[in-house]
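Participant: Data file protein_2.txt (compact mmCIF, C-alpha atoms (C1' of nucleotides)) is appended below.
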# COMPACT_ATOMS: atom_id res chain seq x y z
CA MET A 1 9.91 -44.87 30.57
CA ARG A 2 6.58 -44.86 32.39
CA SER A 3 6.61 -43.66 35.99
CA ASP A 4 5.44 -47.15 37.02
CA ASP A 5 8.79 -48.44 35.90
CA ASN A 6 10.53 -46.40 38.57
CA LEU A 7 12.64 -48.93 40.43
CA PHE A 8 12.35 -47.19 43.78
CA PRO A 9 8.97 -47.76 45.48
CA ASP A 10 7.22 -44.94 47.29
CA SER A 11 6.99 -44.75 51.07
CA SER A 12 3.60 -46.44 51.09
CA GLU A 13 5.08 -49.56 49.47
CA LEU A 14 8.24 -49.39 51.56
CA LEU A 15 6.27 -49.41 54.81
CA ARG A 16 4.04 -52.35 53.89
CA LEU A 17 4.57 -55.16 56.42
CA ASP A 18 4.91 -57.83 53.76
CA ASN A 19 7.69 -55.90 52.03
CA GLN A 20 9.86 -55.86 55.17
CA VAL A 21 12.83 -58.25 55.16
CA CYS A 22 12.98 -57.64 58.87
CA PHE A 23 9.49 -59.09 59.37
CA ALA A 24 10.17 -62.00 57.03
CA LEU A 25 13.25 -62.78 59.14
CA TYR A 26 11.49 -62.24 62.43
CA SER A 27 8.45 -64.35 61.66
CA ALA A 28 10.43 -67.12 59.97
CA SER A 29 12.76 -67.27 62.95
CA LEU A 30 9.89 -67.51 65.43
CA ALA A 31 8.20 -70.15 63.27
CA MET A 32 11.45 -72.13 63.22
CA THR A 33 11.68 -71.93 67.01
CA LYS A 34 8.15 -73.30 67.27
CA LEU A 35 9.11 -76.16 64.96
CA TYR A 36 11.98 -77.07 67.30
CA LYS A 37 9.85 -76.78 70.45
CA PRO A 38 8.45 -80.34 70.60
CA LEU A 39 11.77 -81.84 69.50
CA LEU A 40 13.65 -79.94 72.22
CA ASP A 41 11.00 -80.53 74.89
CA ALA A 42 11.80 -84.20 74.43
CA ILE A 43 15.41 -83.63 75.51
CA GLY A 44 14.63 -80.94 78.07
CA LEU A 45 16.19 -77.94 76.31
CA THR A 46 14.89 -74.56 75.22
CA TYR A 47 15.90 -73.30 71.81
CA PRO A 48 18.68 -70.91 72.96
CA GLN A 49 19.92 -73.61 75.34
CA TYR A 50 20.12 -75.96 72.35
CA LEU A 51 22.28 -73.43 70.50
CA VAL A 52 24.62 -73.24 73.48
CA MET A 53 24.86 -77.03 73.57
CA LEU A 54 25.61 -77.13 69.82
CA VAL A 55 28.59 -74.84 70.44
CA LEU A 56 29.80 -76.87 73.41
CA TRP A 57 29.47 -80.17 71.54
CA GLU A 58 31.90 -78.74 68.97
CA GLY A 59 34.32 -78.05 71.81
CA ASP A 60 33.88 -77.01 75.42
CA GLN A 61 36.09 -75.24 77.96
CA LEU A 62 34.93 -71.94 76.45
CA THR A 63 34.54 -68.78 78.50
CA VAL A 64 31.21 -66.98 78.67
CA SER A 65 32.58 -64.29 76.33
CA GLU A 66 33.74 -66.83 73.77
CA LEU A 67 30.32 -68.46 73.81
CA GLY A 68 28.82 -65.02 73.37
CA GLU A 69 30.99 -64.23 70.36
CA ARG A 70 29.99 -67.47 68.74
CA LEU A 71 26.26 -66.95 69.34
CA TYR A 72 26.15 -63.12 69.25
CA LEU A 73 24.71 -63.05 72.77
CA ASP A 74 25.92 -61.18 75.83
CA SER A 75 26.44 -62.14 79.47
CA GLY A 76 23.05 -60.75 80.44
CA THR A 77 21.48 -63.48 78.32
CA LEU A 78 24.04 -66.22 78.81
CA THR A 79 24.67 -66.08 82.56
CA PRO A 80 21.16 -67.09 83.66
CA LEU A 81 20.84 -69.54 80.76
CA LEU A 82 24.11 -71.25 81.71
CA LYS A 83 23.02 -71.41 85.34
CA ARG A 84 19.90 -73.29 84.25
CA LEU A 85 21.98 -75.73 82.18
CA GLU A 86 24.23 -76.19 85.20
CA SER A 87 21.19 -76.89 87.42
CA ALA A 88 20.09 -79.42 84.82
CA GLY A 89 23.45 -81.13 85.25
CA LEU A 90 24.59 -80.62 81.66
CA LEU A 91 27.60 -78.40 82.34
CA ALA A 92 29.83 -76.91 85.02
CA ARG A 93 30.78 -73.26 85.42
CA GLN A 94 34.15 -72.63 87.00
CA ARG A 95 36.27 -69.52 87.45
CA ASP A 96 39.49 -69.67 85.44
CA ALA A 97 42.50 -70.08 87.76
CA GLN A 98 44.75 -67.98 85.48
CA ASP A 99 42.24 -65.13 85.19
CA GLU A 100 39.61 -65.04 87.90
CA ARG A 101 37.44 -62.72 85.80
CA ARG A 102 36.68 -65.50 83.33
CA VAL A 103 34.25 -68.35 83.82
CA ARG A 104 34.94 -71.53 81.91
CA ILE A 105 32.12 -73.78 80.76
CA ALA A 106 32.76 -77.52 80.77
CA LEU A 107 30.31 -80.20 79.67
CA THR A 108 29.48 -82.92 82.16
CA ASP A 109 29.20 -86.53 81.04
CA THR A 110 25.43 -86.02 81.01
CA GLY A 111 25.85 -82.99 78.79
CA ARG A 112 28.07 -84.88 76.38
CA ALA A 113 25.69 -87.83 76.37
CA LEU A 114 22.79 -85.59 75.40
CA ARG A 115 24.39 -85.14 72.00
CA ALA A 116 23.26 -88.63 71.03
CA GLU A 117 19.67 -87.64 71.78
CA ALA A 118 20.04 -84.53 69.64
CA GLU A 119 21.39 -86.30 66.60
CA LYS A 120 17.98 -87.12 65.25
CA ILE A 121 16.81 -83.50 65.34
CA PRO A 122 18.40 -82.09 62.14
CA ALA A 123 16.80 -84.76 59.96
CA CYS A 124 13.37 -84.07 61.52
CA VAL A 125 13.76 -80.37 60.87
CA LEU A 126 15.01 -80.86 57.32
CA GLN A 127 11.99 -82.98 56.57
CA ARG A 128 9.55 -80.44 58.00
CA THR A 129 10.98 -77.55 55.99
CA GLN A 130 10.10 -79.37 52.77
CA CYS A 131 13.29 -77.94 51.30
CA THR A 132 16.23 -79.75 49.75
CA LEU A 133 19.51 -79.68 51.60
CA PRO A 134 21.17 -77.48 48.92
CA GLU A 135 18.28 -74.99 49.15
CA LEU A 136 18.70 -74.72 52.90
CA GLN A 137 22.47 -74.46 52.59
CA ALA A 138 22.06 -71.60 50.11
CA LEU A 139 19.64 -69.81 52.41
CA THR A 140 21.93 -70.33 55.40
CA SER A 141 24.78 -68.84 53.46
CA GLN A 142 22.75 -65.80 52.33
CA LEU A 143 21.59 -65.17 55.88
CA GLY A 144 25.15 -65.45 57.13
CA THR A 145 26.23 -62.80 54.66
CA LEU A 146 23.36 -60.54 55.66
CA ARG A 147 24.11 -60.93 59.36
CA ALA A 148 27.77 -60.14 58.76
CA ARG A 149 26.77 -56.93 56.99
CA LEU A 150 24.31 -55.94 59.71
CA ALA A 151 26.61 -56.71 62.62
CA PRO A 152 30.18 -56.35 61.39
CA ARG A 153 32.53 -58.34 63.59
CA ARG A 154 34.53 -55.89 65.65
CA SER A 155 38.15 -55.88 64.58
CA HIS A 156 39.93 -56.88 67.76
CA THR A 157 42.33 -53.95 68.02
CA MET B 1 31.40 -92.60 43.42
CA ARG B 2 33.69 -91.77 46.34
CA SER B 3 32.11 -91.84 49.78
CA ASP B 4 32.94 -88.14 50.09
CA ASP B 5 30.40 -87.52 47.35
CA ASN B 6 27.63 -88.81 49.58
CA LEU B 7 25.07 -86.02 49.54
CA PHE B 8 23.85 -86.65 53.05
CA PRO B 9 26.22 -85.33 55.74
CA ASP B 10 26.84 -87.33 58.90
CA SER B 11 25.47 -86.29 62.29
CA SER B 12 28.65 -84.45 63.18
CA GLU B 13 28.21 -82.10 60.22
CA LEU B 14 24.46 -81.81 60.73
CA LEU B 15 24.88 -80.64 64.32
CA ARG B 16 27.50 -78.00 63.55
CA LEU B 17 26.17 -74.58 64.60
CA ASP B 18 27.17 -72.91 61.35
CA ASN B 19 25.24 -75.46 59.32
CA GLN B 20 21.96 -74.66 61.10
CA VAL B 21 19.45 -72.61 59.11
CA CYS B 22 17.72 -72.04 62.40
CA PHE B 23 20.78 -70.28 63.81
CA ALA B 24 21.34 -68.29 60.62
CA LEU B 25 17.74 -67.11 60.89
CA TYR B 26 17.90 -66.47 64.61
CA SER B 27 21.15 -64.51 64.54
CA ALA B 28 20.25 -62.55 61.40
CA SER B 29 16.90 -61.65 62.93
CA LEU B 30 18.48 -60.43 66.17
CA ALA B 31 21.10 -58.48 64.20
CA MET B 32 18.32 -56.86 62.18
CA THR B 33 16.51 -55.87 65.38
CA LYS B 34 19.69 -54.24 66.65
CA LEU B 35 20.00 -52.32 63.39
CA TYR B 36 16.49 -50.93 63.89
CA LYS B 37 17.07 -50.07 67.55
CA PRO B 38 18.53 -46.55 67.17
CA LEU B 39 16.08 -45.71 64.37
CA LEU B 40 13.12 -46.80 66.48
CA ASP B 41 14.42 -45.22 69.68
CA ALA B 42 14.16 -41.94 67.80
CA ILE B 43 10.40 -42.39 67.40
CA GLY B 44 9.84 -44.09 70.75
CA LEU B 45 8.95 -47.59 69.54
CA THR B 46 10.35 -51.03 70.21
CA TYR B 47 10.77 -53.36 67.27
CA PRO B 48 7.62 -55.47 67.84
CA GLN B 49 5.69 -52.25 68.49
CA TYR B 50 6.91 -50.97 65.11
CA LEU B 51 5.56 -54.11 63.43
CA VAL B 52 2.17 -53.52 65.06
CA MET B 53 2.20 -49.92 63.85
CA LEU B 54 3.07 -51.05 60.30
CA VAL B 55 -0.03 -53.22 60.30
CA LEU B 56 -2.22 -50.48 61.70
CA TRP B 57 -0.92 -47.91 59.21
CA GLU B 58 -2.15 -50.24 56.46
CA GLY B 59 -5.57 -50.20 58.10
CA ASP B 60 -6.76 -50.01 61.68
CA GLN B 61 -9.95 -51.06 63.49
CA LEU B 62 -8.49 -54.56 63.70
CA THR B 63 -9.21 -56.89 66.59
CA VAL B 64 -6.38 -58.30 68.69
CA SER B 65 -6.84 -61.67 66.98
CA GLU B 66 -6.65 -60.14 63.51
CA LEU B 67 -3.44 -58.35 64.46
CA GLY B 68 -2.13 -61.63 65.80
CA GLU B 69 -2.92 -63.49 62.57
CA ARG B 70 -1.09 -60.85 60.59
CA LEU B 71 1.99 -60.89 62.83
CA TYR B 72 1.86 -64.53 63.99
CA LEU B 73 1.70 -63.41 67.62
CA ASP B 74 -0.80 -64.31 70.33
CA SER B 75 -2.73 -62.30 72.90
CA GLY B 76 -0.15 -63.05 75.56
CA THR B 77 2.33 -61.01 73.57
CA LEU B 78 -0.01 -58.45 72.06
CA THR B 79 -2.16 -57.47 75.04
CA PRO B 80 0.63 -55.90 77.12
CA LEU B 81 2.31 -54.47 74.01
CA LEU B 82 -0.93 -52.79 72.91
CA LYS B 83 -1.47 -51.42 76.41
CA ARG B 84 1.94 -49.76 76.19
CA LEU B 85 1.11 -48.25 72.81
CA GLU B 86 -2.17 -47.05 74.30
CA SER B 87 -0.31 -45.46 77.23
CA ALA B 88 1.96 -43.79 74.69
CA GLY B 89 -1.14 -42.27 73.11
CA LEU B 90 -0.70 -43.98 69.74
CA LEU B 91 -3.87 -46.08 69.76
CA ALA B 92 -7.10 -46.81 71.57
CA ARG B 93 -8.38 -50.22 72.68
CA GLN B 94 -12.15 -50.56 72.82
CA ARG B 95 -14.46 -53.50 73.29
CA ASP B 96 -16.54 -54.19 70.20
CA ALA B 97 -20.19 -53.29 70.82
CA GLN B 98 -21.46 -56.13 68.57
CA ASP B 99 -19.24 -58.76 70.22
CA GLU B 100 -17.96 -57.86 73.66
CA ARG B 101 -15.30 -60.56 73.45
CA ARG B 102 -13.40 -58.63 70.81
CA VAL B 103 -11.19 -55.61 71.38
CA ARG B 104 -10.80 -53.24 68.46
CA ILE B 105 -7.62 -51.28 67.97
CA ALA B 106 -7.94 -47.78 66.54
CA LEU B 107 -5.08 -45.40 65.78
CA THR B 108 -5.19 -42.00 67.40
CA ASP B 109 -4.21 -38.90 65.43
CA THR B 110 -0.83 -39.11 67.14
CA GLY B 111 -0.49 -42.71 66.03
CA ARG B 112 -1.37 -41.83 62.45
CA ALA B 113 1.00 -38.88 62.50
CA LEU B 114 3.89 -41.11 63.59
CA ARG B 115 3.83 -42.70 60.15
CA ALA B 116 5.50 -39.62 58.71
CA GLU B 117 8.38 -40.07 61.16
CA ALA B 118 8.72 -43.72 60.17
CA GLU B 119 8.88 -43.07 56.45
CA LYS B 120 12.61 -42.48 56.47
CA ILE B 121 13.37 -45.80 58.18
CA PRO B 122 13.18 -48.25 55.24
CA ALA B 123 15.73 -46.30 53.21
CA CYS B 124 18.14 -46.22 56.17
CA VAL B 125 17.79 -49.96 56.63
CA LEU B 126 18.18 -50.70 52.93
CA GLN B 127 21.38 -48.71 52.89
CA ARG B 128 22.80 -50.49 55.93
CA THR B 129 22.12 -53.96 54.52
CA GLN B 130 24.42 -53.17 51.58
CA CYS B 131 22.05 -55.20 49.44
CA THR B 132 20.16 -54.19 46.31
CA LEU B 133 16.40 -53.93 46.54
CA PRO B 134 15.87 -56.96 44.25
CA GLU B 135 18.21 -59.03 46.42
CA LEU B 136 16.25 -58.15 49.54
CA GLN B 137 12.95 -58.76 47.79
CA ALA B 138 14.14 -62.20 46.74
CA LEU B 139 15.25 -63.01 50.28
CA THR B 140 11.97 -61.74 51.70
CA SER B 141 10.09 -63.98 49.32
CA GLN B 142 12.20 -67.06 50.16
CA LEU B 143 11.72 -66.46 53.86
CA GLY B 144 7.98 -66.06 53.35
CA THR B 145 7.86 -69.42 51.63
CA LEU B 146 9.87 -71.05 54.38
CA ARG B 147 7.68 -69.57 57.11
CA ALA B 148 4.55 -70.76 55.32
CA ARG B 149 5.97 -74.28 55.24
CA LEU B 150 6.98 -74.19 58.89
CA ALA B 151 3.73 -72.71 60.18
CA PRO B 152 0.98 -73.71 57.78
CA ARG B 153 -1.92 -71.31 58.04
CA ARG B 154 -4.79 -73.06 59.78
CA SER B 155 -7.68 -73.71 57.41
CA HIS B 156 -10.54 -71.83 59.03
CA THR B 157 -13.02 -74.69 59.25
C1' DC C 1 54.25 -50.04 92.97
C1' DA C 2 49.88 -47.24 93.40
C1' DA C 3 46.16 -45.25 90.91
C1' DA C 4 43.64 -45.36 86.72
C1' DA C 5 41.91 -47.80 82.87
C1' DA C 6 40.27 -51.86 80.96
C1' DT C 7 38.11 -56.28 81.10
C1' DA C 8 34.80 -60.33 82.36
C1' DA C 9 30.71 -61.76 84.61
C1' DA C 10 26.96 -60.87 87.08
C1' DT C 11 23.02 -58.09 88.22
C1' DT C 12 18.99 -55.14 87.40
C1' DG C 13 15.15 -53.60 84.89
C1' DC C 14 12.20 -53.70 80.87
C1' DA C 15 9.91 -55.79 76.94
C1' DC C 16 8.95 -59.47 74.48
C1' DA C 17 7.23 -64.73 73.15
C1' DC C 18 4.50 -68.29 74.38
C1' DA C 19 2.29 -72.27 76.99
C1' DA C 20 -1.33 -72.81 80.04
C1' DT C 21 -5.04 -71.11 82.49
C1' DT C 22 -8.77 -67.92 83.57
C1' DT C 23 -12.53 -64.74 82.69
C1' DG C 24 -16.25 -63.27 80.23
C1' DA C 25 -19.16 -63.39 76.14
C1' DT C 26 -21.35 -65.82 72.26
C1' DT C 27 -23.03 -69.78 69.76
C1' DG C 28 -24.99 -74.30 69.14
C1' DT C 29 -28.04 -77.95 70.70
C1' DC C 30 -31.71 -79.81 72.49
C1' DG D 1 -34.52 -70.93 77.05
C1' DA D 2 -31.03 -73.65 79.75
C1' DC D 3 -26.52 -75.29 79.14
C1' DA D 4 -22.62 -77.16 77.06
C1' DA D 5 -19.21 -75.94 73.79
C1' DT D 6 -16.73 -72.46 71.70
C1' DC D 7 -14.39 -68.30 71.30
C1' DA D 8 -11.61 -63.73 72.41
C1' DA D 9 -8.73 -61.40 75.58
C1' DA D 10 -6.44 -61.19 79.53
C1' DT D 11 -3.54 -63.20 83.01
C1' DT D 12 0.24 -66.00 84.95
C1' DG D 13 4.66 -67.98 84.90
C1' DT D 14 9.05 -69.08 82.63
C1' DG D 15 12.84 -68.01 79.68
C1' DT D 16 15.01 -65.18 76.85
C1' DG D 17 17.51 -60.52 74.77
C1' DC D 18 19.67 -56.50 75.85
C1' DA D 19 20.92 -51.80 77.80
C1' DA D 20 22.90 -50.09 81.77
C1' DT D 21 25.13 -50.68 85.96
C1' DT D 22 27.87 -53.12 89.41
C1' DT D 23 31.48 -56.13 91.21
C1' DA D 24 35.71 -58.23 91.01
C1' DT D 25 39.95 -58.85 88.71
C1' DT D 26 43.75 -57.73 85.69
C1' DT D 27 46.49 -54.59 83.05
C1' DT D 28 48.42 -50.23 82.09
C1' DT D 29 50.58 -46.08 83.20
C1' DG D 30 52.83 -42.51 85.56
Would you encode the structure as structure tokens?
Facilitator:
Amino acid sequence: MRSDDNLFPDSSELLRLDNQVCFALYSASLAMTKLYKPLLDAIGLTYPQYLVMLVLWEGDQLTVSELGERLYLDSGTLTPLLKRLESAGLLARQRDAQDERRVRIALTDTGRALRAEAEKIPACVLQRTQCTLPELQALTSQLGTLRARLAPRRSHT
Amino acid sequence: MRSDDNLFPDSSELLRLDNQVCFALYSASLAMTKLYKPLLDAIGLTYPQYLVMLVLWEGDQLTVSELGERLYLDSGTLTPLLKRLESAGLLARQRDAQDERRVRIALTDTGRALRAEAEKIPACVLQRTQCTLPELQALTSQLGTLRARLAPRRSHT
DNA sequence: CAAAAATAAATTGCACACAATTTGATTGTC
DNA sequence: GACAATCAAATTGTGTGCAATTTATTTTTG
């Protein structure tokens, strides 16, 4: 076996930017956000706000924590974001009567209605990626696995 | 053919959070950044600062624009970041004598020396991903392709 | 049941990202 | 050689992300 066949690259190779999964992820994610920008501008949402709305369209009345578990974001990120969506008239934030520590998020009619505007977005994005649906589904699944390994869901003791 | 076999999902499926490649990318990227956090804290860098250093370790004397092309970031992001790295003593920013519009970035000895500290990072990360090197290389390559499709490199007219 | 521990949001402070604008320098055109 | 167009960084303003702390509430424990 020649030394070139060694499967483990040296530190010089390992530190090359283009060999970093982290950079591939990072730059692809930012590029994806830029792709969404004009589509979301049209309906008045930022990209993280869109993610929040996707969760709420699946079912609202969630607490801030529950939203955070779904999106892997904390209250420091969500609280101001939700306040902006409230100002925009898309949702209401109300303290839970049973447990005053919790804040429940409820869609307004306007917020629910926005879903119709958003329905055309996935097809636009799919087209721009120049990928087939199965390809994207496979990638989504791989990334989900990776994320689960990186950030293991805390077992709720 | 049953209607269930229809390859194109309806809008309800297409808008589900867990079917979004964009969210898979976004959440995996943030999870990856969190994985790096303690490793980078140890050498006093943030994650985007680490990416800048990776580029400079491959070769410095780049202009801000050249760095930006490599990392897909603009001067609004890089200028303050580079100033922080300069304050930390890792690099120097100097106007190009030939073209005073450009600012050249040069590593200091401290900046070059930091590379040795960073050499252990890739192995730590690889271990934490619980993936094989070929798996990660394949994913990196797929993500590179996707990013290229999303953000086509401008042909320099 | 009172004090301590735990929990949920909110707040604070820092560092990105990026659109849009500004500042200053260079190039192209006549 | 003036002057418009272009270009490179820097600046400004907004919106995240997130660690660390604070505030308010609920639960646990002695």
Participant: Using all atoms listed in the file, I'd like a table of the residues in chain A that come within 8 Å of chain B; for each, show the closest atom pair and its distance in Å rounded to one decimal, ordered by chain and ascending number, as CSV.
Facilitator:
residue,atom,partner,partner_atom,distance
A:Ser11,CA,B:Glu119,CA,5.9
A:Leu14,CA,B:Pro122,CA,6.3
A:Leu15,CA,B:Leu54,CA,6.6
A:Arg16,CA,B:Leu54,CA,6.6
A:Leu17,CA,B:Leu54,CA,5.8
A:Asn19,CA,B:Thr140,CA,7.2
A:Gln20,CA,B:Thr140,CA,7.1
A:Val21,CA,B:Thr140,CA,5.0
A:Cys22,CA,B:Met32,CA,6.3
A:Phe23,CA,B:Leu51,CA,7.5
A:Ala24,CA,B:Thr140,CA,5.6
A:Leu25,CA,B:Ser29,CA,5.4
A:Tyr26,CA,B:Ser29,CA,5.5
A:Ser27,CA,B:Arg147,CA,7.0
A:Ala28,CA,B:Arg147,CA,4.7
A:Ser29,CA,B:Leu25,CA,5.4
A:Ala31,CA,B:Ala151,CA,6.0
A:Met32,CA,B:Cys22,CA,6.3
A:Thr33,CA,B:Cys22,CA,7.6
A:Leu35,CA,B:Leu150,CA,6.7
A:Leu51,CA,B:Leu17,CA,7.2
A:Leu54,CA,B:Leu17,CA,5.8
A:Val55,CA,B:Leu17,CA,6.3
A:Glu58,CA,B:Arg16,CA,7.0
A:Leu71,CA,B:Ser27,CA,7.4
A:Tyr72,CA,B:Ser27,CA,7.0
A:Glu119,CA,B:Ser11,CA,5.9
A:Pro122,CA,B:Leu14,CA,6.2
A:Arg128,CA,B:Leu150,CA,6.8
A:Thr129,CA,B:Leu150,CA,6.0
A:Gln130,CA,B:Arg149,CA,7.0
A:Leu136,CA,B:Val21,CA,6.6
A:Gln137,CA,B:Asn19,CA,7.3
A:Leu139,CA,B:Val21,CA,7.3
A:Thr140,CA,B:Val21,CA,5.0
A:Ser141,CA,B:Ala24,CA,8.0
A:Leu143,CA,B:Ala24,CA,5.7
A:Gly144,CA,B:Ala24,CA,5.9
A:Leu146,CA,B:Thr129,CA,6.8
A:Arg147,CA,B:Ala28,CA,4.7
A:Arg149,CA,B:Thr129,CA,6.0
A:Leu150,CA,B:Thr129,CA,6.0
A:Ala151,CA,B:Ala31,CA,6.0
Participant: Need the shell around DA15 in chain C: protein/DNA/RNA residues with any atom at most 12 Å away, counting all atoms listed in the file. Skip same-chain ones fewer than 3 positions apart. Format as a list in words?
Facilitator: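 Near DA15 in chain C, the qualifying residues are Leu45, Thr46, Tyr47, Pro48, Gln49, Thr77, Leu78, Pro80, Leu81, Leu82 and Arg84 of chain B; DT16, DG17, DC18 and DA19 of chain D.
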Participant: Put those residues in a file: C-alpha atoms (C1' of nucleotides), as a PDB file, keeping the file's coordinate frame.
Facilitator:
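See part18.pdb below for the written result:
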ATOM      1  CA  LEU B  45       8.950 -47.590  69.540  1.00  0.00           C
ATOM      2  CA  THR B  46      10.350 -51.030  70.210  1.00  0.00           C
ATOM      3  CA  TYR B  47      10.770 -53.360  67.270  1.00  0.00           C
ATOM      4  CA  PRO B  48       7.620 -55.470  67.840  1.00  0.00           C
ATOM      5  CA  GLN B  49       5.690 -52.250  68.490  1.00  0.00           C
ATOM      6  CA  THR B  77       2.330 -61.010  73.570  1.00  0.00           C
ATOM      7  CA  LEU B  78      -0.010 -58.450  72.060  1.00  0.00           C
ATOM      8  CA  PRO B  80       0.630 -55.900  77.120  1.00  0.00           C
ATOM      9  CA  LEU B  81       2.310 -54.470  74.010  1.00  0.00           C
ATOM     10  CA  LEU B  82      -0.930 -52.790  72.910  1.00  0.00           C
ATOM     11  CA  ARG B  84       1.940 -49.760  76.190  1.00  0.00           C
TER      12      ARG B  84
ATOM     13  C1'  DT D  16      15.010 -65.180  76.850  1.00  0.00           C
ATOM     14  C1'  DG D  17      17.510 -60.520  74.770  1.00  0.00           C
ATOM     15  C1'  DC D  18      19.670 -56.500  75.850  1.00  0.00           C
ATOM     16  C1'  DA D  19      20.920 -51.800  77.800  1.00  0.00           C
TER      17       DA D  19
END
Participant: Counting all atoms listed in the file, a student should be able to say which residues of chain C come within 10 Å of chain A; what is the right answer, written as an mmCIF file with C-alpha atoms (C1' of nucleotides), in the frame of the given file?
Facilitator:
data_model
loop_
_atom_site.group_PDB
_atom_site.id
_atom_site.type_symbol
_atom_site.label_atom_id
_atom_site.label_comp_id
_atom_site.auth_asym_id
_atom_site.auth_seq_id
_atom_site.Cartn_x
_atom_site.Cartn_y
_atom_site.Cartn_z
ATOM 1 C "C1'" DT C 7 38.110 -56.280 81.100
ATOM 2 C "C1'" DA C 8 34.800 -60.330 82.360
ATOM 3 C "C1'" DA C 9 30.710 -61.760 84.610
ATOM 4 C "C1'" DA C 10 26.960 -60.870 87.080
ATOM 5 C "C1'" DT C 11 23.020 -58.090 88.220
ATOM 6 C "C1'" DT C 12 18.990 -55.140 87.400
ATOM 7 C "C1'" DA C 17 7.230 -64.730 73.150
ATOM 8 C "C1'" DC C 18 4.500 -68.290 74.380
#
Participant: With 12 Å as the limit and counting only C-alpha atoms (C1' of nucleotides), what residues in chain D lie close to chain B? Please list them as a PDB file with C-alpha atoms (C1' of nucleotides), in the coordinates of the input.
Facilitator:
ATOM      1  C1'  DC D   7     -14.390 -68.300  71.300  1.00  0.00           C
ATOM      2  C1'  DA D   8     -11.610 -63.730  72.410  1.00  0.00           C
ATOM      3  C1'  DA D   9      -8.730 -61.400  75.580  1.00  0.00           C
ATOM      4  C1'  DA D  10      -6.440 -61.190  79.530  1.00  0.00           C
ATOM      5  C1'  DT D  11      -3.540 -63.200  83.010  1.00  0.00           C
ATOM      6  C1'  DT D  12       0.240 -66.000  84.950  1.00  0.00           C
ATOM      7  C1'  DG D  13       4.660 -67.980  84.900  1.00  0.00           C
ATOM      8  C1'  DG D  17      17.510 -60.520  74.770  1.00  0.00           C
ATOM      9  C1'  DC D  18      19.670 -56.500  75.850  1.00  0.00           C
ATOM     10  C1'  DA D  19      20.920 -51.800  77.800  1.00  0.00           C
TER      11       DA D  19
END
Participant: Which residues come within 8 Å of Ile105 in chain A, counting only C-alpha atoms (C1' of nucleotides), excluding same-chain residues fewer than 6 positions away, as a PyMOL selection string?
Facilitator: chain A and resi 60-64+91-94
Participant: By how many Å are CA of Ala106 in chain A and C1' of DT23 in chain D apart?
Facilitator: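 The value is 23.8 Å.
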Participant: So the first atom is CA of Leu114 in chain B and the second is CA of Leu90 in chain B; what is the distance between them in Å, to one decimal place?
Facilitator: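 Between CA of Leu114 in chain B and CA of Leu90 in chain B the gap works out to 8.2 Å.
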Participant: What's the separation between C1' of DA3 in chain C and C1' of DT22 in chain D, in Å to one decimal place?
Facilitator: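 Taking C1' of DA3 in chain C and C1' of DT22 in chain D, their separation equals 20.0 Å.
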